[in-house]
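S.K.: Contents of entry24.cif (mmCIF, C-alpha atoms) are below:
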```
data_query
loop_
_atom_site.label_atom_id
_atom_site.label_comp_id
_atom_site.auth_asym_id
_atom_site.auth_seq_id
_atom_site.Cartn_x
_atom_site.Cartn_y
_atom_site.Cartn_z
CA MET A 1 0.00 0.00 0.00
CA PHE A 2 1.43 3.45 -0.96
CA ASN A 3 0.87 6.52 1.02
CA PRO A 4 -0.93 9.15 -1.04
CA ILE A 5 1.48 11.76 -2.36
CA ARG A 6 0.69 15.24 -1.13
CA SER A 7 0.06 17.68 -3.94
CA GLN A 8 3.08 19.91 -4.72
CA VAL A 9 1.01 22.51 -6.53
CA THR A 10 1.69 25.98 -5.20
CA ARG A 11 -1.29 27.62 -3.63
CA PRO A 12 -2.43 30.42 -5.92
CA HIS A 13 -2.84 33.10 -3.21
CA THR A 14 0.15 33.15 -0.94
CA GLN A 15 0.83 36.07 1.40
CA ALA A 16 3.68 37.17 -0.88
CA SER A 17 1.55 37.27 -4.03
CA ARG A 18 -1.18 39.23 -2.28
CA LEU A 19 1.17 41.88 -0.92
CA PRO A 20 1.40 44.01 -4.10
CA ASP A 21 -2.40 43.89 -4.40
CA ARG A 22 -2.76 44.99 -0.82
CA LEU A 23 -0.25 47.82 -1.32
CA ALA A 24 -2.03 48.91 -4.51
CA ALA A 25 -5.38 48.89 -2.69
CA PHE A 26 -3.86 50.90 0.14
CA ALA A 27 -2.38 53.43 -2.28
CA ARG A 28 -5.78 53.79 -4.01
CA ARG A 29 -7.47 54.35 -0.66
CA VAL A 30 -4.91 56.98 0.35
CA ALA A 31 -5.29 58.68 -3.03
CA VAL A 32 -9.07 58.84 -2.68
CA GLU A 33 -8.80 60.11 0.91
CA ARG A 34 -6.47 62.88 -0.22
CA GLU A 35 -8.32 63.82 -3.39
CA ASP A 36 -9.66 66.96 -1.79
CA CYS A 37 -6.43 67.86 0.00
CA SER A 38 -4.99 71.27 -0.71
CA GLY A 39 -1.42 71.55 -2.00
CA LEU A 40 -0.30 72.58 1.46
CA ALA A 41 -1.91 69.55 3.07
CA GLN A 42 -0.28 67.28 0.47
CA VAL A 43 3.14 68.70 1.29
CA LEU A 44 2.54 68.29 5.03
CA HIS A 45 1.44 64.68 4.51
CA ARG A 46 4.56 64.03 2.46
CA ILE A 47 6.76 65.43 5.25
CA ASP A 48 4.95 63.29 7.80
CA GLU A 49 5.45 60.14 5.74
CA THR A 50 9.05 60.57 4.60
CA ILE A 51 11.62 58.79 6.71
CA LEU A 52 14.68 58.52 4.44
CA PRO A 53 16.28 61.83 3.33
CA ARG A 54 14.57 63.32 0.27
CA ALA A 55 14.85 66.59 -1.62
CA LEU A 56 11.36 67.64 -2.69
CA SER A 57 10.78 70.09 -5.47
CA VAL A 58 7.28 71.52 -5.24
CA THR A 59 5.75 73.48 -8.13
CA THR A 60 2.34 75.14 -7.84
CA ASN A 61 -0.22 75.71 -10.60
CA THR A 62 0.74 79.40 -10.52
CA GLY A 63 4.34 78.54 -11.35
CA ALA A 64 5.81 79.23 -7.90
CA ARG A 65 8.51 76.84 -6.74
CA VAL A 66 9.90 75.73 -3.41
CA GLN A 67 12.67 73.26 -2.55
CA LEU A 68 12.33 71.22 0.63
CA LEU A 69 14.73 68.93 2.42
CA VAL A 70 12.88 66.27 4.39
CA SER A 71 14.18 63.44 6.57
CA ASN A 72 12.97 61.33 9.48
CA ARG A 73 9.44 62.82 9.21
CA ARG A 74 10.86 66.33 9.70
CA LEU A 75 11.19 69.32 7.42
CA MET A 76 14.86 70.32 7.60
CA ARG A 77 15.26 73.14 5.10
CA VAL A 78 13.09 75.36 2.91
CA GLU A 79 14.45 77.22 -0.05
CA THR A 80 12.41 79.58 -2.18
CA ASP A 81 13.46 81.94 -4.95
CA GLN A 82 13.13 84.81 -2.48
CA ASN A 83 14.76 82.94 0.44
CA PRO A 84 17.70 80.77 -0.63
CA ALA A 85 18.69 78.43 2.24
CA ALA A 86 21.91 79.20 4.06
CA VAL A 87 23.39 76.89 6.68
CA ALA A 88 24.12 79.85 8.94
CA ASP A 89 20.37 80.66 8.99
CA ALA A 90 19.33 77.18 10.18
CA PRO A 91 16.89 77.57 13.11
CA ALA A 92 18.27 76.36 16.41
CA ASP A 93 15.15 74.68 17.77
CA PRO A 94 12.01 73.03 16.34
CA GLU A 95 9.74 75.91 17.37
CA ALA A 96 11.91 78.47 15.58
CA ALA A 97 12.17 76.15 12.57
CA ALA A 98 8.37 75.77 12.37
CA ALA A 99 7.88 79.54 12.60
CA SER A 100 10.49 80.28 9.95
CA PHE A 101 9.39 77.53 7.55
CA SER A 102 5.69 78.36 7.83
CA GLU A 103 6.50 82.01 7.05
CA ARG A 104 8.34 80.94 3.90
CA LEU A 105 5.75 78.40 2.78
CA ALA A 106 2.58 80.43 3.41
CA PRO A 107 2.84 82.78 0.42
CA ILE A 108 3.61 79.92 -1.98
CA LEU A 109 1.41 77.07 -0.77
CA THR A 110 -1.91 78.85 -0.54
CA PRO A 111 -4.90 76.85 0.79
CA HIS A 112 -6.42 76.05 -2.61
CA CYS A 113 -3.35 75.76 -4.82
CA LYS A 114 -2.63 72.65 -6.87
CA ILE A 115 0.88 71.27 -6.76
CA THR A 116 3.29 68.83 -8.34
CA ILE A 117 5.91 67.19 -6.12
CA ARG A 118 9.14 65.78 -7.48
CA SER A 119 11.13 63.73 -5.00
CA VAL A 120 14.78 62.68 -5.28
CA ARG A 121 17.06 60.81 -2.90
CA TYR A 122 19.38 62.94 -0.87
CA THR A 123 22.48 62.09 1.11
CA LEU A 124 22.89 64.08 4.28
CA ASP A 125 26.48 65.10 4.91
CA ALA A 126 28.21 64.02 8.11
CA ILE A 127 28.07 67.45 9.69
CA PHE A 128 24.37 67.95 9.04
CA TRP A 129 22.90 69.10 12.33
CA ASP A 130 19.65 70.93 11.47
CA VAL A 131 16.87 70.21 13.95
CA GLY A 132 13.98 70.90 11.58
CA CYS A 133 10.37 70.55 12.65
CA GLY A 134 7.58 67.99 12.47
CA ALA A 135 4.57 68.26 10.16
CA ALA A 136 2.16 68.45 13.10
CA ARG A 137 3.63 71.68 14.46
CA LEU A 138 3.85 73.16 10.98
CA ALA A 139 0.23 72.21 10.31
CA ALA A 140 -0.87 73.82 13.57
CA LEU A 141 0.92 77.08 12.70
CA MET A 142 -0.50 77.12 9.19
CA GLY A 143 -4.03 76.18 10.23
CA VAL A 144 -4.22 72.84 8.43
CA ASN A 145 -5.67 69.60 9.77
CA LEU A 146 -2.93 67.04 9.20
CA HIS A 147 -4.97 63.98 10.09
CA PRO A 148 -8.63 64.55 9.23
CA GLU A 149 -9.15 60.83 9.79
CA GLU A 150 -8.17 61.31 13.45
CA ARG A 151 -10.75 64.02 13.79
CA HIS A 152 -13.27 61.74 12.13
CA GLY A 153 -12.42 58.98 14.60
CA VAL A 154 -12.70 61.28 17.58
CA GLN A 155 -15.88 62.95 16.32
CA LYS A 156 -17.49 59.59 15.69
CA CYS A 157 -16.56 58.45 19.17
CA LEU A 158 -17.85 61.68 20.67
CA GLN A 159 -21.13 61.58 18.83
CA SER A 160 -21.99 57.99 19.56
CA LEU A 161 -20.60 57.72 23.08
CA LEU A 162 -19.74 60.94 24.81
CA GLN A 163 -22.59 63.15 23.67
CA PRO A 164 -25.48 61.14 25.18
CA HIS A 165 -23.69 61.17 28.55
CA ALA A 166 -22.08 64.62 28.48
CA ILE A 167 -23.10 66.84 31.38
CA ALA A 168 -21.17 69.69 29.76
CA ARG A 169 -19.12 70.01 26.61
CA ALA A 170 -16.88 72.49 24.77
CA GLU A 171 -14.73 72.50 21.64
CA LEU A 172 -11.52 74.50 21.37
CA SER A 173 -9.53 75.23 18.24
CA LEU A 174 -5.74 74.78 18.19
CA SER A 175 -5.34 78.50 18.85
CA GLY A 176 -7.45 78.17 22.00
CA GLN A 177 -10.57 79.80 20.59
CA VAL A 178 -13.79 78.33 22.04
CA LEU A 179 -15.79 77.04 19.07
CA SER A 180 -18.79 75.72 20.98
CA ARG A 181 -19.89 75.46 24.58
CA GLN A 182 -22.77 73.66 26.21
CA ALA A 183 -23.25 73.44 29.98
CA CYS A 184 -25.95 73.60 32.63
CA GLU A 185 -25.76 76.08 35.52
CA GLN A 186 -24.02 73.67 37.95
CA SER A 187 -21.34 72.51 35.53
CA GLN A 188 -20.66 75.93 33.99
CA PRO A 189 -17.94 76.95 36.53
CA ILE A 190 -16.12 73.61 36.15
CA LEU A 191 -16.18 73.88 32.38
CA GLU A 192 -14.92 77.46 32.53
CA ALA A 193 -12.06 76.48 34.87
CA LEU A 194 -11.05 73.67 32.51
CA LEU A 195 -11.15 75.93 29.47
CA ASP A 196 -9.16 78.63 31.27
CA TRP A 197 -6.49 76.12 32.24
CA ILE A 198 -6.13 74.82 28.68
CA VAL A 199 -6.04 78.30 27.14
CA GLU A 200 -3.66 79.75 29.73
CA THR A 201 -1.20 76.86 29.66
CA PRO A 202 -0.72 76.04 25.97
CA SER A 203 2.58 74.30 26.76
CA ASN A 204 0.50 71.58 28.41
CA SER A 205 -1.02 70.63 25.12
CA ALA A 206 0.20 67.39 23.61
CA THR A 207 -0.85 68.65 20.17
CA LEU A 208 1.88 71.29 20.30
CA THR A 209 4.54 68.63 20.47
CA GLY A 210 2.99 66.66 17.65
CA ASN A 211 2.04 63.94 20.08
CA THR A 212 -1.65 63.98 19.24
CA MET A 213 -4.57 61.87 20.38
CA HIS A 214 -4.53 61.83 24.13
CA CYS A 215 -7.53 61.53 26.36
CA SER A 216 -6.97 62.80 29.89
CA CYS A 217 -9.49 62.02 32.57
CA LEU A 218 -9.57 63.92 35.83
CA PRO A 219 -11.82 62.44 38.52
CA LEU A 220 -13.72 65.33 40.11
CA SER A 221 -16.00 63.42 42.46
CA ASP A 222 -17.75 60.05 42.71
CA GLN A 223 -20.32 61.42 40.29
CA GLN A 224 -18.26 63.35 37.76
CA ASP A 225 -15.12 63.17 35.63
CA ALA A 226 -13.59 65.77 33.37
CA LEU A 227 -12.35 64.42 30.03
CA ILE A 228 -9.95 66.42 27.87
CA ILE A 229 -9.40 64.98 24.42
CA GLU A 230 -6.47 66.41 22.47
CA HIS A 231 -6.62 65.90 18.74
CA SER A 232 -5.17 67.38 15.58
CA GLU A 233 -7.71 70.24 15.51
CA GLY A 234 -7.63 71.26 19.15
CA HIS A 235 -9.34 70.09 22.31
CA THR A 236 -12.69 68.63 23.21
CA VAL A 237 -13.59 69.07 26.87
CA VAL A 238 -16.40 66.99 28.34
CA ILE A 239 -17.76 66.50 31.85
CA THR A 240 -19.18 63.00 32.14
CA PRO A 241 -20.68 60.75 34.83
CA ALA A 242 -17.88 58.90 36.68
CA GLU A 243 -19.72 55.58 36.30
CA MET A 244 -19.19 55.77 32.53
CA ARG A 245 -15.42 56.30 32.82
CA ASP A 246 -14.08 52.87 31.89
CA GLN A 247 -16.56 52.38 29.08
CA LEU A 248 -15.78 55.81 27.60
CA LEU A 249 -12.02 55.36 27.93
CA SER A 250 -12.15 51.93 26.28
CA SER A 251 -14.26 53.22 23.42
CA TRP A 252 -12.03 56.24 22.92
CA HIS A 253 -9.01 53.95 23.05
CA SER A 254 -10.19 51.63 20.28
CA SER A 255 -11.31 54.57 18.14
CA ALA A 256 -7.90 56.27 18.54
CA ALA A 257 -6.08 53.03 17.73
CA LYS A 258 -8.06 52.69 14.49
CA ALA A 259 -7.34 56.31 13.55
CA ALA A 260 -3.64 55.78 14.29
CA LYS A 261 -3.57 52.72 12.05
CA ARG A 262 -4.99 54.75 9.17
CA ALA A 263 -2.38 57.45 9.72
CA GLN A 264 0.69 55.17 9.73
CA PRO A 265 3.71 56.52 7.82
CA LEU A 266 4.94 54.96 4.58
CA LEU A 267 8.54 54.22 3.63
CA HIS A 268 9.33 55.70 0.22
CA MET B 1 9.03 45.87 52.90
CA THR B 2 11.33 47.55 50.35
CA LEU B 3 10.06 50.06 47.82
CA SER B 4 10.68 47.61 44.98
CA ALA B 5 8.68 44.93 46.78
CA GLN B 6 5.80 47.37 47.32
CA LEU B 7 5.77 48.26 43.61
CA ASP B 8 5.93 44.56 42.66
CA ALA B 9 3.05 43.80 45.03
CA LEU B 10 0.90 46.57 43.54
CA ARG B 11 1.57 45.35 40.01
CA ALA B 12 0.67 41.79 41.01
CA ASP B 13 -2.62 43.03 42.49
CA LEU B 14 -3.64 44.80 39.28
CA PRO B 15 -4.68 42.50 36.44
CA GLY B 16 -3.29 43.66 33.08
CA CYS B 17 -0.84 46.09 34.68
CA CYS B 18 2.54 46.01 32.93
CA LEU B 19 4.35 48.77 34.84
CA VAL B 20 4.24 50.53 38.17
CA ALA B 21 6.62 53.45 38.57
CA TYR B 22 7.43 55.61 41.57
CA GLY B 23 8.80 59.06 40.85
CA ASP B 24 9.13 62.69 41.76
CA ALA B 25 6.60 64.92 39.99
CA LYS B 26 8.62 68.07 40.70
CA ALA B 27 11.91 66.69 39.37
CA GLN B 28 9.97 64.78 36.67
CA LEU B 29 12.06 61.67 37.23
CA VAL B 30 11.14 58.04 37.81
CA LEU B 31 13.15 56.74 40.76
CA ARG B 32 12.08 53.09 40.90
CA SER B 33 9.83 50.87 38.78
CA SER B 34 8.42 47.38 38.51
CA SER B 35 7.62 46.09 35.03
CA ASP B 36 7.16 42.91 33.02
CA SER B 37 9.77 44.11 30.48
CA ALA B 38 12.53 46.72 30.41
CA TRP B 39 11.39 50.34 29.87
CA PRO B 40 13.96 52.92 28.71
CA GLN B 41 14.59 55.59 31.35
CA GLU B 42 13.66 58.42 28.95
CA LYS B 43 10.22 56.85 28.40
CA LEU B 44 9.76 56.56 32.13
CA ASP B 45 10.75 60.19 32.61
CA ASP B 46 8.41 61.31 29.79
CA MET B 47 5.64 59.48 31.59
CA CYS B 48 6.56 61.31 34.79
CA LYS B 49 6.45 64.62 32.90
CA THR B 50 2.94 63.86 31.67
CA GLY B 51 1.93 63.03 35.23
CA SER B 52 3.33 66.31 36.47
CA ARG B 53 1.30 68.23 33.84
CA GLN B 54 -1.84 66.35 34.87
CA PHE B 55 -1.26 67.25 38.52
CA HIS B 56 -1.09 70.93 37.56
CA LEU B 57 -4.55 70.49 36.08
CA ALA B 58 -5.68 68.66 39.22
CA ASP B 59 -4.40 71.59 41.31
CA ALA B 60 -6.25 74.06 39.08
CA MET B 61 -9.44 72.05 39.55
CA ALA B 62 -8.96 71.61 43.32
CA PRO B 63 -12.06 73.66 44.31
CA PHE B 64 -14.25 71.27 42.31
CA ARG B 65 -12.74 67.97 43.49
CA LYS B 66 -14.53 66.16 46.30
CA GLY B 67 -14.17 62.96 48.33
CA PRO B 68 -11.23 60.60 47.68
CA HIS B 69 -10.62 62.56 44.50
CA ALA B 70 -9.27 65.45 46.56
CA HIS B 71 -5.92 63.71 45.96
CA ARG B 72 -3.96 64.58 42.87
CA GLU B 73 -4.97 61.90 40.42
CA ALA B 74 -5.47 61.57 36.71
CA ILE B 75 -5.95 58.98 34.00
CA VAL B 76 -4.41 59.33 30.56
CA ALA B 77 -5.51 57.09 27.70
CA THR B 78 -2.81 56.90 25.03
CA ARG B 79 -3.14 54.96 21.78
CA ARG B 80 -1.72 51.84 23.41
CA ASP B 81 -2.58 51.82 27.08
CA ILE B 82 -4.18 53.52 30.03
CA ARG B 83 -1.93 55.32 32.53
CA VAL B 84 -3.19 56.00 36.01
CA TYR B 85 -1.35 58.69 38.00
CA VAL B 86 -1.65 59.23 41.73
CA GLY B 87 0.30 62.02 43.43
CA ALA B 88 0.84 63.15 47.00
CA GLU B 89 -0.73 66.41 48.08
CA ALA B 90 1.50 69.45 47.65
CA PRO B 91 4.13 70.29 48.81
CA ALA B 92 5.15 66.60 48.61
CA SER B 93 5.88 65.54 45.04
CA ASP B 94 5.86 61.73 45.30
CA MET B 95 3.87 60.03 42.59
CA LEU B 96 2.93 56.60 41.30
CA CYS B 97 2.06 55.70 37.73
CA CYS B 98 0.42 52.42 36.72
CA VAL B 99 0.37 51.46 33.04
CA CYS B 100 -2.55 49.13 32.32
CA ARG B 101 -4.12 47.59 29.25
CA SER B 102 -7.25 49.09 27.74
CA GLY B 103 -10.37 48.14 29.67
CA ALA B 104 -8.70 48.24 33.09
CA ASP B 105 -10.86 48.91 36.14
CA THR B 106 -9.58 52.43 36.80
CA ALA B 107 -11.43 52.83 40.11
CA GLN B 108 -9.62 49.77 41.46
CA VAL B 109 -6.26 50.95 40.10
CA LEU B 110 -6.75 54.41 41.65
CA SER B 111 -7.73 53.06 45.03
CA LEU B 112 -4.85 50.51 45.27
CA ALA B 113 -2.32 53.02 43.93
CA ARG B 114 -3.46 55.60 46.49
CA LEU B 115 -3.01 53.06 49.27
CA THR B 116 0.44 52.02 48.05
CA LEU B 117 1.59 55.63 47.72
CA LEU B 118 0.59 56.32 51.34
CA GLN B 119 2.45 53.18 52.49
CA VAL B 120 5.52 54.13 50.48
CA MET B 121 5.54 57.66 51.91
CA ASP B 122 5.06 56.38 55.48
CA GLY B 123 7.58 53.59 55.14
CA PRO B 124 11.28 53.75 56.00
CA ASN B 125 12.49 52.46 52.67
CA VAL B 126 11.91 55.39 50.32
#
```
Starting from the file, give its structure as structure tokens.

M.R.:
Amino acid sequence: MFNPIRSQVTRPHTQASRLPDRLAAFARRVAVEREDCSGLAQVLHRIDETILPRALSVTTNTGARVQLLVSNRRLMRVETDQNPAAVADAPADPEAAAASFSERLAPILTPHCKITIRSVRYTLDAIFWDVGCGAARLAALMGVNLHPEERHGVQKCLQSLLQPHAIARAELSLSGQVLSRQACEQSQPILEALLDWIVETPSNSATLTGNTMHCSCLPLSDQQDALIIEHSEGHTVVITPAEMRDQLLSSWHSSAAKAAKRAQPLLH
Amino acid sequence: MTLSAQLDALRADLPGCCLVAYGDAKAQLVLRSSSDSAWPQEKLDDMCKTGSRQFHLADAMAPFRKGPHAHREAIVATRRDIRVYVGAEAPASDMLCCVCRSGADTAQVLSLARLTLLQVMDGPNV
């Protein structure tokens, strides 16, 4: 009696063969998501996704040009026709870099301009020491939402979970402007104190360091918690019943994890 | 009981807790920790910094905090975990941070962490 011989035919859909399809599908999805992005948002996304050193040449539909040096998800140098880069002018810290770069980029990358990006490999010399700045800080200074999908995730979570339980609620923009406010008489002072603290201590904001998507919960009493959600467009402040805390934190957690997955960087 | 043993005991009492750290909120440094894997010191210190910022908020909200919550305490949900901070009342700056998986019972973590912090501060081994 012979043992049956196991078939040696290669399975048609191995992990390896599906990978290019998956990458192509991902690229299509990203392209669709960014269809409506402005030129500025496209450039910021490119900075946020570029890890290896690249020299980007950006041309707008009006013919303006800007040269960018990007590495390790940071914008290192900006050179325009009016402002040629000089090593001696390199900003000394990320905050100064973001301020200087946003000033140079603003007149060229207007909110509704269309752009073409040409990317070439770049070798950083051994003495390269520029600190540069991250896309998140640049986006905040230039008033652009870098990760609209994060906002979508947070908004979805807020609408379905936080809103039905919110005793009080307020939305703040990145600049600290109160966009909306909703509170009953008892919770009004608490909400005001929270808003004052956030506005008066901007250095406490995680969004300023590019470390977005935090949800801080401050237990106020056995009945109430204060939730402060920091996202790419500012802060959402909510006072909620303490009994809902774990459920709300878990739901926020899974929603933030999904948003983070969608916003993962690509290696070019 | 040594400080390390107290931190180990707290971690063992909290299901899903991967790190318990004792630090100084004013200096923003972690002085001792108990964890299931090695954590780089800079990550521990960053965590301490976040705790310190949260305690500033807790101080600002002091008139509105009642009951056991009169202590400095805060919970921060990051993308990966939930961090529970408990701090001593000012001017002391001792603090404990427990890093737990999502879905942790935060009331239990807060209450046990509060108790451990009091024991640590009263004990001779700090």

S.K.: Show me, as a list in words, the residues that have an atom within 6 Å of range 78-87 of chain B when counting all atoms listed in the file, minus same-chain residues fewer than 5 positions from it.

M.R.: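 My reading of the contact set: His214, Ala256 and Ala257 of chain A; Arg72, Glu73, Asp94, Met95, Leu96, Cys97, Cys98, Val99, Cys100, Arg101 and Ser102 of chain B.
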
S.K.: Chain B residues within 12 Å of chain A, counting all atoms listed in the file: which ones, as an MDAnalysis selection string?

M.R.: chainID B and resid 46 49:86 100:110

S.K.: Mind giving me the straight-line distance from CA of Leu14 in chain B to CA of Ala113 in chain B in Å, one decimal?

M.R.: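 That distance, rounded to one decimal, is 9.5 Å.
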
S.K.: Find the residues near Cys48 in chain B: any atom within 7 Å, counting only C-alpha atoms, skip ones fewer than 4 places away on the same chain, and give them as a PyMOL selection string.

M.R.: chain B and resi 23+25+28-30+44+52

S.K.: Expand the PyMOL selection byres ((chain B and resi 118) around 12) into the individual residues it matches in the shown file, reporting them as a list in words.

M.R.: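 Written out, the selection comes to Leu3, Gln6, Tyr22, His71, Val86, Gly87, Ala88, Glu89, Ala92, Asp94, Met95, Leu96, Ser111, Leu112, Ala113, Arg114, Leu115, Thr116, Leu117, Gln119, Val120, Met121, Asp122, Gly123, Pro124 and Val126 of chain B.
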
S.K.: List, as a compact mmCIF listing (two decimals) with C-alpha atoms, in the coordinates of the input, every residue that the PyMOL selection byres ((chain A and resi 48) around 8) selects in the file provided.

M.R.:
```txt
# COMPACT_ATOMS: atom_id res chain seq x y z
CA LEU A 44 2.54 68.29 5.03
CA HIS A 45 1.44 64.68 4.51
CA ARG A 46 4.56 64.03 2.46
CA ILE A 47 6.76 65.43 5.25
CA GLU A 49 5.45 60.14 5.74
CA THR A 50 9.05 60.57 4.60
CA ARG A 73 9.44 62.82 9.21
CA ARG A 74 10.86 66.33 9.70
CA GLY A 134 7.58 67.99 12.47
CA ALA A 135 4.57 68.26 10.16
CA ALA A 136 2.16 68.45 13.10
CA PRO A 265 3.71 56.52 7.82
```

S.K.: Could you state the separation of CA of Ala97 in chain A and CA of Val131 in chain A in Å, given to one decimal place?

M.R.: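 For CA of Ala97 in chain A relative to CA of Val131 in chain A, the distance reads 7.7 Å.
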
S.K.: CA of Thr110 in chain A to CA of Thr236 in chain A: how many Å, to one decimal?

M.R.: 28.0 Å

S.K.: Can you turn the PyMOL selection byres ((chain B and resi 36) around 12) into a concrete residue list for this file, as a ChimeraX atom specification?

M.R.: /B:7-8,11-12,16-21,33-35,37-39,99-100

S.K.: Choose the residue, out of B:Gln41, B:Met47, B:Asp24, B:Leu10, that has the smallest atom-to-atom separation from Ala90 in chain B; count only C-alpha atoms.

M.R.: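 Closest residue, counting only C-alpha atoms: B:Asp24.
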